[in-house]
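Raw contents of entry-v4.txt, compact mmCIF, C-alpha atoms and all ligand atoms:
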# COMPACT_ATOMS: atom_id res chain seq x y z
CA MET A 155 0.00 0.00 0.00
CA PRO A 156 1.40 3.47 -0.84
CA ALA A 157 2.20 5.66 2.15
CA LYS A 158 -0.14 8.55 2.84
CA HIS A 159 1.99 11.56 1.89
CA PRO A 160 5.48 10.12 1.61
CA ALA A 161 7.38 13.35 1.14
CA ALA A 162 6.24 15.82 3.76
CA CYS A 163 7.19 16.04 7.42
CA LYS A 164 5.60 19.42 8.01
CA LYS A 165 3.10 19.09 10.83
CA LEU A 166 4.88 17.71 13.84
CA LEU A 167 3.68 16.32 17.14
CA ILE A 168 6.35 15.77 19.80
CA ILE A 169 5.59 13.36 22.65
CA GLY A 170 7.92 13.57 25.65
CA ALA A 171 8.85 17.11 24.62
CA THR A 172 9.99 18.26 28.04
CA GLY A 173 12.09 15.20 28.96
CA LEU A 174 15.88 14.96 29.12
CA ILE A 175 16.37 14.60 25.36
CA GLY A 176 12.89 15.75 24.28
CA LYS A 177 13.83 19.25 25.46
CA TYR A 178 16.73 19.41 23.02
CA ILE A 179 14.70 17.92 20.18
CA THR A 180 11.89 20.42 20.74
CA LEU A 181 14.30 23.35 20.99
CA ALA A 182 16.01 22.44 17.71
CA LEU A 183 12.70 21.94 15.88
CA VAL A 184 11.45 25.30 17.20
CA GLN A 185 14.66 26.96 15.97
CA SER A 186 13.74 25.70 12.49
CA LYS A 187 10.04 26.46 12.84
CA SER A 188 9.92 28.53 9.65
CA LYS A 189 10.58 25.29 7.73
CA PHE A 190 7.59 23.48 9.27
CA ASP A 191 3.85 24.23 9.04
CA ARG A 192 3.02 23.29 12.61
CA ILE A 193 4.77 22.16 15.80
CA ALA A 194 2.66 20.69 18.60
CA ILE A 195 3.47 18.79 21.76
CA LEU A 196 1.34 16.28 23.63
CA THR A 197 2.15 16.62 27.29
CA SER A 198 0.66 15.61 30.62
CA ALA A 199 -1.37 17.88 32.93
CA ASP A 200 1.35 17.31 35.56
CA THR A 201 4.03 18.70 33.28
CA VAL A 202 1.92 21.75 32.44
CA GLN A 203 1.56 22.37 36.18
CA ASN A 204 5.18 21.67 37.11
CA LYS A 205 7.08 23.16 34.18
CA VAL A 206 5.19 26.45 33.85
CA GLN A 207 8.03 28.53 32.39
CA GLU A 208 9.05 25.89 29.87
CA ILE A 209 5.50 25.51 28.57
CA GLU A 210 5.06 29.30 28.50
CA ASP A 211 8.27 29.67 26.44
CA LEU A 212 7.06 27.08 23.93
CA LYS A 213 3.69 28.84 23.61
CA LYS A 214 5.49 32.12 22.88
CA GLU A 215 7.33 30.33 20.05
CA GLY A 216 3.99 29.34 18.55
CA VAL A 217 4.05 25.70 19.68
CA ASP A 218 0.58 24.17 20.18
CA ILE A 219 0.36 22.70 23.66
CA ILE A 220 -1.98 19.70 23.69
CA VAL A 221 -2.63 18.46 27.21
CA GLY A 222 -3.51 14.79 27.52
CA ASP A 223 -2.58 11.36 28.70
CA VAL A 224 -0.51 9.27 26.27
CA THR A 225 -2.20 6.14 27.61
CA ASN A 226 -5.67 7.51 26.80
CA PHE A 227 -6.84 6.40 23.35
CA LYS A 228 -9.06 9.44 22.77
CA ASP A 229 -6.39 11.97 23.83
CA VAL A 230 -3.92 10.46 21.37
CA VAL A 231 -6.39 10.28 18.47
CA ASP A 232 -7.32 13.94 19.11
CA ALA A 233 -3.67 14.97 19.25
CA TYR A 234 -2.95 13.22 15.92
CA ARG A 235 -5.50 15.38 14.10
CA ASP A 236 -3.80 17.65 11.52
CA ILE A 237 -0.41 16.02 12.26
CA ASP A 238 1.71 14.21 9.64
CA THR A 239 4.76 13.28 11.75
CA VAL A 240 5.00 12.06 15.33
CA ILE A 241 8.34 12.45 17.08
CA SER A 242 8.43 10.42 20.27
CA ALA A 243 11.02 11.07 22.97
CA VAL A 244 9.31 9.21 25.79
CA GLY A 245 11.47 7.82 28.58
CA ARG A 246 12.60 4.22 29.03
CA ASN A 247 9.74 3.58 31.49
CA VAL A 248 7.13 4.05 28.74
CA ILE A 249 9.02 2.72 25.69
CA GLU A 250 6.74 -0.26 25.19
CA HIS A 251 3.63 1.85 25.31
CA GLN A 252 4.71 3.28 21.95
CA VAL A 253 3.33 0.11 20.32
CA GLU A 254 -0.13 1.54 20.95
CA LEU A 255 0.92 5.05 19.82
CA ILE A 256 2.24 3.49 16.60
CA ARG A 257 -0.92 1.49 15.97
CA LEU A 258 -3.01 4.67 16.36
CA ALA A 259 -0.65 6.55 14.03
CA ASN A 260 -0.98 3.77 11.44
CA ASP A 261 -4.78 4.11 11.70
CA SER A 262 -4.70 7.91 11.47
CA ASP A 263 -5.67 9.57 8.18
CA THR A 264 -2.94 12.18 8.46
CA VAL A 265 0.08 10.71 10.30
CA HIS A 266 2.46 8.99 7.88
CA ARG A 267 5.78 9.11 9.74
CA PHE A 268 6.76 8.04 13.25
CA PHE A 269 10.09 8.62 14.97
CA PRO A 270 10.10 6.21 17.93
CA SER A 271 12.11 7.09 21.02
CA GLU A 272 15.56 5.79 20.05
CA TYR A 273 18.34 8.40 20.30
CA GLY A 274 20.84 5.89 21.59
CA THR A 275 22.69 2.69 20.86
CA ASP A 276 22.09 0.81 17.60
CA ILE A 277 19.80 -1.99 18.80
CA GLU A 278 20.38 -4.03 15.63
CA TYR A 279 24.16 -3.56 15.44
CA SER A 280 25.08 -7.25 15.28
CA PRO A 281 23.41 -10.63 15.85
CA ALA A 282 24.36 -10.34 19.55
CA SER A 283 22.23 -7.17 19.85
CA ALA A 284 19.07 -9.29 19.83
CA ASN A 285 19.97 -10.69 23.27
CA GLU A 286 20.99 -7.48 25.04
CA LYS A 287 18.56 -6.76 27.90
CA PRO A 288 18.33 -2.94 27.48
CA HIS A 289 17.36 -3.39 23.80
CA GLN A 290 14.36 -5.68 24.28
CA LYS A 291 11.59 -3.08 24.54
CA LYS A 292 12.96 -0.94 21.72
CA LEU A 293 13.17 -4.07 19.54
CA ILE A 294 9.47 -4.73 20.21
CA VAL A 295 8.73 -1.16 19.13
CA ARG A 296 10.70 -1.63 15.89
CA ALA A 297 8.80 -4.84 15.19
CA ALA A 298 5.52 -2.93 15.67
CA MET A 299 6.74 -0.25 13.24
CA LYS A 300 7.60 -2.85 10.61
CA SER A 301 4.15 -4.42 10.86
CA CYS A 302 2.45 -1.10 10.02
CA ASP A 303 2.20 -0.84 6.25
CA ASN A 304 0.39 2.48 6.52
CA LEU A 305 3.16 4.24 8.45
CA ASP A 306 6.80 5.07 7.72
CA TYR A 307 9.53 5.17 10.37
CA THR A 308 12.76 6.96 11.08
CA TYR A 309 15.12 5.69 13.79
CA VAL A 310 17.62 8.33 14.84
CA VAL A 311 20.54 6.32 16.25
CA THR A 312 22.96 8.65 18.00
CA GLY A 313 25.02 6.52 20.37
CA PRO A 314 25.76 7.78 23.89
CA TYR A 315 25.31 11.43 24.84
CA ALA A 316 28.64 13.18 25.22
CA ASP A 317 27.09 15.46 27.87
CA LEU A 318 26.58 12.45 30.16
CA CYS A 319 29.69 10.41 29.30
CA LEU A 320 32.03 13.40 29.69
CA GLY A 321 30.64 13.88 33.19
CA PRO A 322 31.39 12.42 36.62
CA MET A 323 28.27 10.42 37.36
CA MET A 324 29.16 7.04 35.87
CA GLY A 325 32.07 6.69 38.33
CA GLN A 326 33.86 3.39 37.90
CA LEU A 327 32.07 2.75 34.61
CA GLY A 328 34.03 5.59 33.03
CA SER A 329 33.92 9.25 34.04
CA PHE A 330 35.52 12.67 33.74
CA ASP A 331 35.35 14.85 36.86
CA VAL A 332 36.37 18.45 36.12
CA ILE A 333 36.19 19.55 39.77
CA LYS A 334 38.38 16.76 41.14
CA LYS A 335 40.49 16.55 37.95
CA GLU A 336 40.01 12.81 37.97
CA ALA A 337 39.12 10.39 35.20
CA VAL A 338 38.26 6.72 35.05
CA LEU A 339 39.13 5.23 31.66
CA LEU A 340 37.88 1.90 30.32
CA ASP A 341 40.34 -0.86 29.41
CA ASP A 342 43.63 0.83 28.40
CA GLY A 343 41.89 4.08 27.40
CA ASN A 344 42.30 3.40 23.69
CA LEU A 345 38.85 2.05 22.82
CA LYS A 346 36.94 4.23 20.36
CA THR A 347 33.37 5.38 20.91
CA SER A 348 31.12 7.64 18.82
CA TYR A 349 29.22 10.24 20.82
CA THR A 350 26.50 12.76 20.15
CA THR A 351 25.98 15.89 22.23
CA MET A 352 22.40 16.44 23.34
CA ARG A 353 22.07 19.63 21.32
CA ASP A 354 23.22 17.67 18.26
CA VAL A 355 20.56 15.00 18.94
CA GLY A 356 18.04 17.84 18.53
CA ASN A 357 19.70 19.16 15.39
CA LEU A 358 20.02 15.69 13.84
CA VAL A 359 16.35 14.85 14.45
CA THR A 360 15.45 18.19 12.88
CA LEU A 361 17.62 17.49 9.83
CA ALA A 362 16.09 14.00 9.52
CA ALA A 363 12.61 15.59 9.43
CA LEU A 364 13.85 18.12 6.87
CA HIS A 365 15.12 15.27 4.65
CA PRO A 366 12.01 13.09 4.66
CA GLU A 367 12.94 11.03 1.59
CA VAL A 368 16.36 9.82 2.74
CA SER A 369 15.21 9.33 6.32
CA ARG A 370 12.18 7.30 5.25
CA ASN A 371 12.12 3.75 6.68
CA LYS A 372 15.72 4.07 7.75
CA ALA A 373 17.83 3.71 10.87
CA LEU A 374 20.00 6.81 10.53
CA LYS A 375 23.33 6.24 12.29
CA VAL A 376 24.51 9.70 13.11
CA ASN A 377 26.87 11.20 15.67
CA SER A 378 28.92 14.25 16.64
CA PHE A 379 32.43 12.79 16.93
CA THR A 380 34.44 9.64 17.63
CA ALA A 381 37.17 9.55 20.28
CA THR A 382 39.02 7.31 22.71
CA ASP A 383 38.93 7.94 26.48
CA MET A 384 42.60 8.95 26.24
CA GLU A 385 41.85 11.57 23.57
CA ILE A 386 38.99 12.92 25.68
CA LEU A 387 41.27 13.06 28.74
CA GLN A 388 43.98 14.90 26.80
CA GLU A 389 41.45 17.46 25.64
CA PHE A 390 40.25 17.98 29.24
CA GLU A 391 43.86 18.38 30.40
CA GLU A 392 44.54 20.88 27.66
CA GLN A 393 41.40 22.95 28.29
CA THR A 394 41.74 22.90 32.11
CA GLY A 395 45.51 23.40 32.03
CA ASN A 396 46.17 20.59 34.55
CA LYS A 397 47.36 17.03 34.61
CA TRP A 398 44.53 14.77 35.81
CA LYS A 399 44.58 11.74 38.09
CA ILE A 400 43.74 8.64 36.07
CA SER A 401 42.48 5.20 37.00
CA TYR A 402 41.36 2.35 34.80
CA THR A 403 38.46 -0.13 34.77
CA SER A 404 39.31 -3.27 32.82
CA MET A 405 36.79 -4.98 30.57
CA GLY A 406 36.77 -7.88 33.05
CA GLN A 407 35.86 -5.53 35.91
CA LEU A 408 33.20 -3.83 33.77
CA LYS A 409 31.58 -7.18 32.94
CA LYS A 410 31.66 -8.19 36.59
CA ILE A 411 29.96 -4.93 37.64
CA GLU A 412 27.40 -5.47 34.87
CA GLN A 413 26.56 -9.04 35.93
CA GLU A 414 26.32 -8.13 39.60
CA ALA A 415 24.07 -5.17 38.83
CA TRP A 416 21.63 -7.38 36.90
CA SER A 417 21.56 -10.10 39.53
CA ASN A 418 20.99 -7.53 42.31
CA GLY A 419 18.34 -5.69 40.30
CA ALA A 420 20.44 -2.51 40.64
CA PRO A 421 19.22 0.52 38.66
CA MET A 422 22.70 0.93 37.14
CA ALA A 423 22.40 -2.43 35.30
CA THR A 424 21.13 -0.88 32.05
CA GLY A 425 23.91 1.71 32.11
CA ALA A 426 26.55 -0.94 32.75
CA THR A 427 25.39 -3.07 29.81
CA LEU A 428 25.32 -0.06 27.51
CA ARG A 429 28.87 0.88 28.60
CA ARG A 430 30.05 -2.64 27.80
CA ILE A 431 28.34 -2.53 24.37
CA TRP A 432 29.98 0.84 23.59
CA ALA A 433 33.37 -0.44 24.78
CA GLU A 434 33.01 -3.48 22.53
CA GLY A 435 32.70 -1.16 19.52
CA GLY A 436 28.89 -1.03 19.28
CA THR A 437 28.88 2.65 18.25
CA LEU A 438 31.38 2.29 15.39
CA TYR A 439 30.15 2.01 11.81
CA GLU A 440 31.96 1.65 8.53
CA LYS A 441 30.25 4.84 7.50
CA ARG A 442 27.98 7.18 9.44
CA ASP A 443 24.87 8.68 7.83
CA ASN A 444 25.42 12.36 8.67
CA ASP A 445 26.03 13.19 4.99
CA LEU A 446 22.58 11.90 3.98
CA ILE A 447 20.87 14.65 5.97
CA GLU A 448 23.49 17.38 5.39
CA ALA A 449 24.88 17.00 8.92
CA GLU A 450 28.52 16.37 8.06
CA ASN A 451 30.16 19.63 9.11
CA VAL A 452 27.59 21.13 11.44
CA VAL A 453 27.96 18.80 14.43
CA ASP A 454 29.92 19.37 17.64
CA THR A 455 33.58 18.37 17.83
CA LEU A 456 35.44 16.77 20.73
CA GLU A 457 36.72 20.27 21.62
CA ASP A 458 33.14 21.64 21.70
CA ALA A 459 31.92 18.77 23.87
CA VAL A 460 34.78 19.11 26.38
CA ALA A 461 34.28 22.89 26.58
CA GLU A 462 30.57 22.30 27.25
CA ALA A 463 31.33 19.64 29.90
CA ILE A 464 33.68 22.04 31.71
CA LYS A 465 31.03 24.75 31.61
CA GLN A 466 28.33 22.41 32.96
CA GLN A 467 30.45 20.89 35.72
CA THR A 468 31.83 24.19 36.99
CA LYS A 469 28.40 25.85 36.80
CA SER A 470 26.83 23.23 39.09
CA MET A 471 29.53 23.94 41.71
CA MET A 472 28.71 27.66 41.97
N1 LIG B 501 22.13 7.82 24.31
C1 LIG B 501 22.08 8.09 25.59
O1 LIG B 501 23.12 8.29 26.23
C2 LIG B 501 20.73 8.21 26.25
C3 LIG B 501 20.64 8.70 27.55
C4 LIG B 501 19.38 8.87 28.12
C5 LIG B 501 18.24 8.52 27.39
N2 LIG B 501 18.35 8.03 26.12
C6 LIG B 501 17.15 7.66 25.33
O2 LIG B 501 16.39 8.83 25.07
C7 LIG B 501 15.00 8.52 25.04
C8 LIG B 501 14.25 9.47 25.97
O3 LIG B 501 14.72 9.30 27.29
P1 LIG B 501 14.74 10.50 28.36
O4 LIG B 501 15.69 10.11 29.42
O5 LIG B 501 14.94 11.79 27.62
O6 LIG B 501 13.24 10.43 28.91
P2 LIG B 501 12.63 11.07 30.24
O7 LIG B 501 13.26 12.38 30.49
O8 LIG B 501 12.67 10.05 31.33
O9 LIG B 501 11.09 11.20 29.83
C9 LIG B 501 10.71 11.87 28.66
C10 LIG B 501 9.23 12.22 28.68
O10 LIG B 501 8.42 11.05 28.58
C11 LIG B 501 7.15 11.37 29.08
N3 LIG B 501 6.82 10.37 30.11
C12 LIG B 501 7.63 9.86 31.04
N4 LIG B 501 6.98 8.99 31.84
C13 LIG B 501 5.74 8.98 31.39
C14 LIG B 501 4.59 8.29 31.79
N5 LIG B 501 4.58 7.42 32.82
N6 LIG B 501 3.47 8.53 31.11
C15 LIG B 501 3.47 9.38 30.10
N7 LIG B 501 4.54 10.05 29.67
C16 LIG B 501 5.65 9.86 30.31
C17 LIG B 501 7.20 12.73 29.73
O11 LIG B 501 6.67 13.70 28.87
P3 LIG B 501 5.71 14.92 29.36
O12 LIG B 501 6.27 15.44 30.63
O13 LIG B 501 5.75 15.91 28.26
O14 LIG B 501 4.34 14.33 29.55
C18 LIG B 501 8.69 12.91 29.91
O15 LIG B 501 9.09 14.24 29.96
C19 LIG B 501 14.89 7.04 25.45
O16 LIG B 501 14.69 6.27 24.28
C20 LIG B 501 16.23 6.73 26.08
O17 LIG B 501 16.62 5.39 25.92
C21 LIG B 501 19.57 7.89 25.54
C1 LIG B 502 -2.22 -0.32 9.35
O1 LIG B 502 -3.22 0.33 8.60
C2 LIG B 502 -3.62 -0.40 7.45
C3 LIG B 502 -4.55 0.50 6.62
O2 LIG B 502 -5.55 1.06 7.41
C4 LIG B 502 -4.31 -1.68 7.90
O3 LIG B 502 -4.71 -2.44 6.77
C5 LIG B 502 -3.33 -2.49 8.72
O4 LIG B 502 -3.96 -3.63 9.27
C6 LIG B 502 -2.76 -1.65 9.87
N1 LIG B 502 -1.68 -2.38 10.51
C7 LIG B 502 -1.58 -2.54 11.83
C8 LIG B 502 -0.45 -3.39 12.30
O5 LIG B 502 -2.35 -2.03 12.64

Would you mind giving the structure from this file in structure tokens?
Ligand SMILES: NC(=O)c1ccc[n+]([C@@H]2O[C@H](COP(=O)([O-])OP(=O)(O)OC[C@H]3O[C@@H](n4cnc5c(N)ncnc54)[C@H](OP(=O)(O)O)[C@@H]3O)[C@@H](O)[C@H]2O)c1
Ligand SMILES: *[C@@H]1O[C@H](CO)[C@@H](O)[C@H](O)[C@H]1NC(C)=O
Amino acid sequence: MPAKHPAACKKLLIIGATGLIGKYITLALVQSKSKFDRIAILTSADTVQNKVQEIEDLKKEGVDIIVGDVTNFKDVVDAYRDIDTVISAVGRNVIEHQVELIRLANDSDTVHRFFPSEYGTDIEYSPASANEKPHQKKLIVRAAMKSCDNLDYTYVVTGPYADLCLGPMMGQLGSFDVIKKEAVLLDDGNLKTSYTTMRDVGNLVTLAALHPEVSRNKALKVNSFTATDMEILQEFEEQTGNKWKISYTSMGQLKKIEQEAWSNGAPMATGATLRRIWAEGGTLYEKRDNDLIEAENVVDTLEDAVAEAIKQQTKSMM
């Protein structure tokens, strides 16, 4: 069956617009609002009550604020009216619920494109990906997308967020602490990973929507830059003007932490598995897809990401 209006991604509905990554996606889309006919968000009554300024700012930019419950059939059907593209950035706790959002989009007369909440690791990188615990729900969502012949998809695969990985919070799993001038590197520090800054996630989703033909029914593997822990450390040392204290976590230690976290039901289990996947090369591709959406020379560099990390980490200390 031919898709509804294959070419145009002009009338957008963002779900999860005020979340960690949804915020960046919404901001980037709003910055390109002249290129779209409509930008709407579907958000909860709680969010409207708790994030007053954020919602007010979006209204001022001309964003339609649709208040509803994503688990309520009628609210979703109403929100899909006069929308051609749904961009979901819902959190991990509601990933599986997208199956229903996708089914309703497939049934809609106007929605022809759905961006499920991906913005992370390539969940179909290799045959081993099928067994990775953190991928299971997103794989179910992809299967639902493929079964909908009346709906196109775009998966924006960005790898890990530089903003988080170049920070202190992952501790032993790999971290860069600007205040303490301490870093924990994985293995010998020479493993390569591709990262995307959160502002680039927003820009890359926007460019994918602005290139609807090439992004149609495709997993776009995009990123900001590729670097080893050692290269990141050297950039931090250069920009902070100090030598840092370094320690290492071996792959064996990482796998042990990962296994223990899963058997103890620790919240860090997902993060530990993702770290191991990244360390094993799961963010490296023969060729990235930035060029397909004209995102080759507009993304952040390692220098940009380190400068931003220094700004963020020193700001939170003041
Ligand atoms: N690559 C990486 O390093 C990385 C890191 C973190 C996340 N991610 C990925 O990014 C995507 C988004 O994650 P996130 O951390 O940005 O999400 P989040 O901040 O936890 O949540 C995003 C939004 O989802 C909606 N939501 C959350 N719980 C809900 C519920 N129970 N019912 C209805 N709506 C709910 C809310 O929207 P409203 O408030 O507007 O209603 C919320 O703001 C996920 O696919 C995640 O795997 C990737
Ligand atoms: C998608 O919509 C088409 C056309 O309305 C319908 O034939 C098909 O059964 C739907 N698919 C799913 C999985 O809901």

- Provide the atom CA of Ala449 of chain A to atom CA of Asp276 of chain A distance in Å, to one decimal place. 18.6 Å

- A:Thr382, A:Thr403, A:Asn304, A:Gln252: which is nearest ligand LIG 502 (chain B), counting all atoms listed in the file?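 Selected residue with least distance to ligand LIG 502 (chain B): A:Asn304.
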
- Message: From the options A:Ile277, A:Val221, A:Ala243, A:Met384, which residue's atoms come nearest to Leu345 of chain A, counting only C-alpha atoms?
- Response: A:Met384

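Identified as lying at most 7 Å from ligand LIG 502 (chain B) when counting all atoms listed in the file are the residues Arg257, Asn260, Asp261, Ala298, Ser301, Cys302, Asp303 and Asn304 of chain A.
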
- Quick one: residues within 6 Å of ligand LIG 501 (chain B), with all atoms listed in the file, as an MDAnalysis selection string? chainID A and resid 170:176 197:198 201 224 243:246 248 271:274 313:315

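The gap separating atom CA of Ser404 of chain A from atom CA of Lys335 of chain A is 20.5 Å, in Å to one decimal.
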
- Message: If I take atom CA of Lys346 of chain A and atom CA of Ser401 of chain A, how far is one from the other in Å, to one decimal?
- Response: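 Interatomic distance here is 17.6 Å.
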
- Name the closest residue to Lys399 of chain A among the candidates A:Leu358, A:Val453, A:Leu428, A:Val338; distances are taken between atoms, counting all atoms listed in the file.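 That would be A:Val338, the residue with the smallest distance to Lys399 of chain A.
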
When you look at His289 of chain A with a cut-off of 10 Å (counting all atoms listed in the file), what residues show up, excluding the ones that are within fewer than 4 positions of it in the same chain? I need them as a PDB file with C-alpha atoms, in the coordinates of the input.
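Here's the written file selection-v1.pdb:
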ATOM      1  CA  THR A 275      22.690   2.690  20.860  1.00  0.00           C
ATOM      2  CA  ASP A 276      22.090   0.810  17.600  1.00  0.00           C
ATOM      3  CA  ILE A 277      19.800  -1.990  18.800  1.00  0.00           C
ATOM      4  CA  GLU A 278      20.380  -4.030  15.630  1.00  0.00           C
ATOM      5  CA  SER A 283      22.230  -7.170  19.850  1.00  0.00           C
ATOM      6  CA  ALA A 284      19.070  -9.290  19.830  1.00  0.00           C
ATOM      7  CA  ASN A 285      19.970 -10.690  23.270  1.00  0.00           C
ATOM      8  CA  LEU A 293      13.170  -4.070  19.540  1.00  0.00           C
ATOM      9  CA  ILE A 294       9.470  -4.730  20.210  1.00  0.00           C
ATOM     10  CA  THR A 424      21.130  -0.880  32.050  1.00  0.00           C
ATOM     11  CA  LEU A 428      25.320  -0.060  27.510  1.00  0.00           C
TER      12      LEU A 428
END

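Minimum distance to Met299 of chain A across A:Thr351, A:Thr312, A:Asn371, A:Thr239 (counting only C-alpha atoms) occurs at A:Asn371.
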
- Item | Nearest to Glu250 of chain A by atom-to-atom distance, counting all atoms listed in the file, from A:Ala297, A:Ala461, A:Leu166, A:Ala282 | A:Ala297

- Message: Please determine, counting all atoms listed in the file, which residue among A:Leu408, A:Val310, A:Cys163, A:Ile249 has the shortest atom-to-atom distance to Met324 of chain A.
- Response: A:Leu408

- Message: Which residues are close to Asn344 of chain A, i.e. within 12 Å by only C-alpha atoms, leaving aside same-chain residues fewer than 6 positions away? Reply as a list in words.
- Response: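 Listed by chain and then number, they are Thr380, Ala381, Thr382, Asp383, Met384, Glu385, Ile386, Leu387, Tyr402, Ser404, Ala433, Glu434 and Gly435 of chain A.
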
What's the 12 Å shell around Leu258 of chain A, counting all atoms listed in the file, without same-chain residues fewer than 2 positions away, as a JSON list (two decimals) with C-alpha atoms, in the frame of the given file?
[["chain", "number", "residue", "atom", "x", "y", "z"],
["A", 224, "VAL", "CA", -0.51, 9.27, 26.27],
["A", 225, "THR", "CA", -2.20, 6.14, 27.61],
["A", 226, "ASN", "CA", -5.67, 7.51, 26.80],
["A", 227, "PHE", "CA", -6.84, 6.40, 23.35],
["A", 228, "LYS", "CA", -9.06, 9.44, 22.77],
["A", 229, "ASP", "CA", -6.39, 11.97, 23.83],
["A", 230, "VAL", "CA", -3.92, 10.46, 21.37],
["A", 231, "VAL", "CA", -6.39, 10.28, 18.47],
["A", 232, "ASP", "CA", -7.32, 13.94, 19.11],
["A", 233, "ALA", "CA", -3.67, 14.97, 19.25],
["A", 234, "TYR", "CA", -2.95, 13.22, 15.92],
["A", 235, "ARG", "CA", -5.50, 15.38, 14.10],
["A", 240, "VAL", "CA", 5.00, 12.06, 15.33],
["A", 251, "HIS", "CA", 3.63, 1.85, 25.31],
["A", 252, "GLN", "CA", 4.71, 3.28, 21.95],
["A", 253, "VAL", "CA", 3.33, 0.11, 20.32],
["A", 254, "GLU", "CA", -0.13, 1.54, 20.95],
["A", 255, "LEU", "CA", 0.92, 5.05, 19.82],
["A", 256, "ILE", "CA", 2.24, 3.49, 16.60],
["A", 260, "ASN", "CA", -0.98, 3.77, 11.44],
["A", 261, "ASP", "CA", -4.78, 4.11, 11.70],
["A", 262, "SER", "CA", -4.70, 7.91, 11.47],
["A", 263, "ASP", "CA", -5.67, 9.57, 8.18],
["A", 264, "THR", "CA", -2.94, 12.18, 8.46],
["A", 265, "VAL", "CA", 0.08, 10.71, 10.30],
["A", 266, "HIS", "CA", 2.46, 8.99, 7.88],
["A", 267, "ARG", "CA", 5.78, 9.11, 9.74],
["A", 268, "PHE", "CA", 6.76, 8.04, 13.25],
["A", 298, "ALA", "CA", 5.52, -2.93, 15.67],
["A", 299, "MET", "CA", 6.74, -0.25, 13.24],
["A", 302, "CYS", "CA", 2.45, -1.10, 10.02],
["A", 304, "ASN", "CA", 0.39, 2.48, 6.52],
["A", 305, "LEU", "CA", 3.16, 4.24, 8.45]]

Take the point (25.2, 19.0, 24.1) as written in the file and pick out every residue within 6 Å of it, counting all atoms listed in the file; give the list as a tab-separated table (two decimals) with C-alpha atoms, in the coordinates of the input.
chain	number	residue	atom	x	y	z
A	317	ASP	CA	27.09	15.46	27.87
A	351	THR	CA	25.98	15.89	22.23
A	352	MET	CA	22.40	16.44	23.34
A	353	ARG	CA	22.07	19.63	21.32

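Contact shell of Ile464 of chain A at 10 Å (only C-alpha atoms; same-chain neighbours under 2 positions omitted): Leu320, Gly321, Phe330, Asp331, Val332, Ile333, Phe390, Gln393, Thr394, Ala459, Val460, Ala461, Glu462, Gln466, Gln467, Thr468 and Lys469 of chain A.
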
- Neighbour list for Ala415 of chain A as JSON, numbers by chain, cut-off 10 Å, all atoms listed in the file, skip fewer than 5 positions in-chain: {"A": [409, 410, 420, 421, 422, 423, 424, 425, 426, 427]}

Expected residue set, 6 Å radius at (26.2, 9.6, 9.5), all atoms listed in the file, as a compact mmCIF listing (two decimals) with C-alpha atoms, in the frame of the given file:
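New file out.txt:
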# COMPACT_ATOMS: atom_id res chain seq x y z
CA LYS A 375 23.33 6.24 12.29
CA VAL A 376 24.51 9.70 13.11
CA ARG A 442 27.98 7.18 9.44
CA ASP A 443 24.87 8.68 7.83
CA ASN A 444 25.42 12.36 8.67
CA ASP A 445 26.03 13.19 4.99

With N, CA, C and O atoms as the goal, would you fill in the gaps in segment 289-296 of chain A and present it as a compact mmCIF listing (two decimals), in the coordinates of the input?
# COMPACT_ATOMS: atom_id res chain seq x y z
N HIS A 289 17.91 -3.61 25.14
CA HIS A 289 17.36 -3.39 23.80
C HIS A 289 15.96 -3.97 23.62
O HIS A 289 15.28 -3.67 22.64
N GLN A 290 15.54 -4.85 24.55
CA GLN A 290 14.36 -5.68 24.28
C GLN A 290 13.11 -4.85 23.95
O GLN A 290 12.42 -5.13 22.98
N LYS A 291 12.83 -3.83 24.76
CA LYS A 291 11.59 -3.08 24.54
C LYS A 291 11.65 -2.26 23.26
O LYS A 291 10.67 -2.14 22.53
N LYS A 292 12.83 -1.71 22.97
CA LYS A 292 12.96 -0.94 21.72
C LYS A 292 12.86 -1.86 20.50
O LYS A 292 12.37 -1.45 19.45
N LEU A 293 13.31 -3.11 20.65
CA LEU A 293 13.17 -4.07 19.54
C LEU A 293 11.69 -4.40 19.29
O LEU A 293 11.27 -4.53 18.13
N ILE A 294 10.91 -4.49 20.35
CA ILE A 294 9.47 -4.73 20.21
C ILE A 294 8.82 -3.56 19.46
O ILE A 294 7.97 -3.74 18.60
N VAL A 295 9.26 -2.36 19.79
CA VAL A 295 8.73 -1.16 19.13
C VAL A 295 9.08 -1.17 17.63
O VAL A 295 8.24 -0.89 16.78
N ARG A 296 10.33 -1.55 17.32
CA ARG A 296 10.70 -1.63 15.89
C ARG A 296 9.87 -2.68 15.16
O ARG A 296 9.46 -2.47 14.01
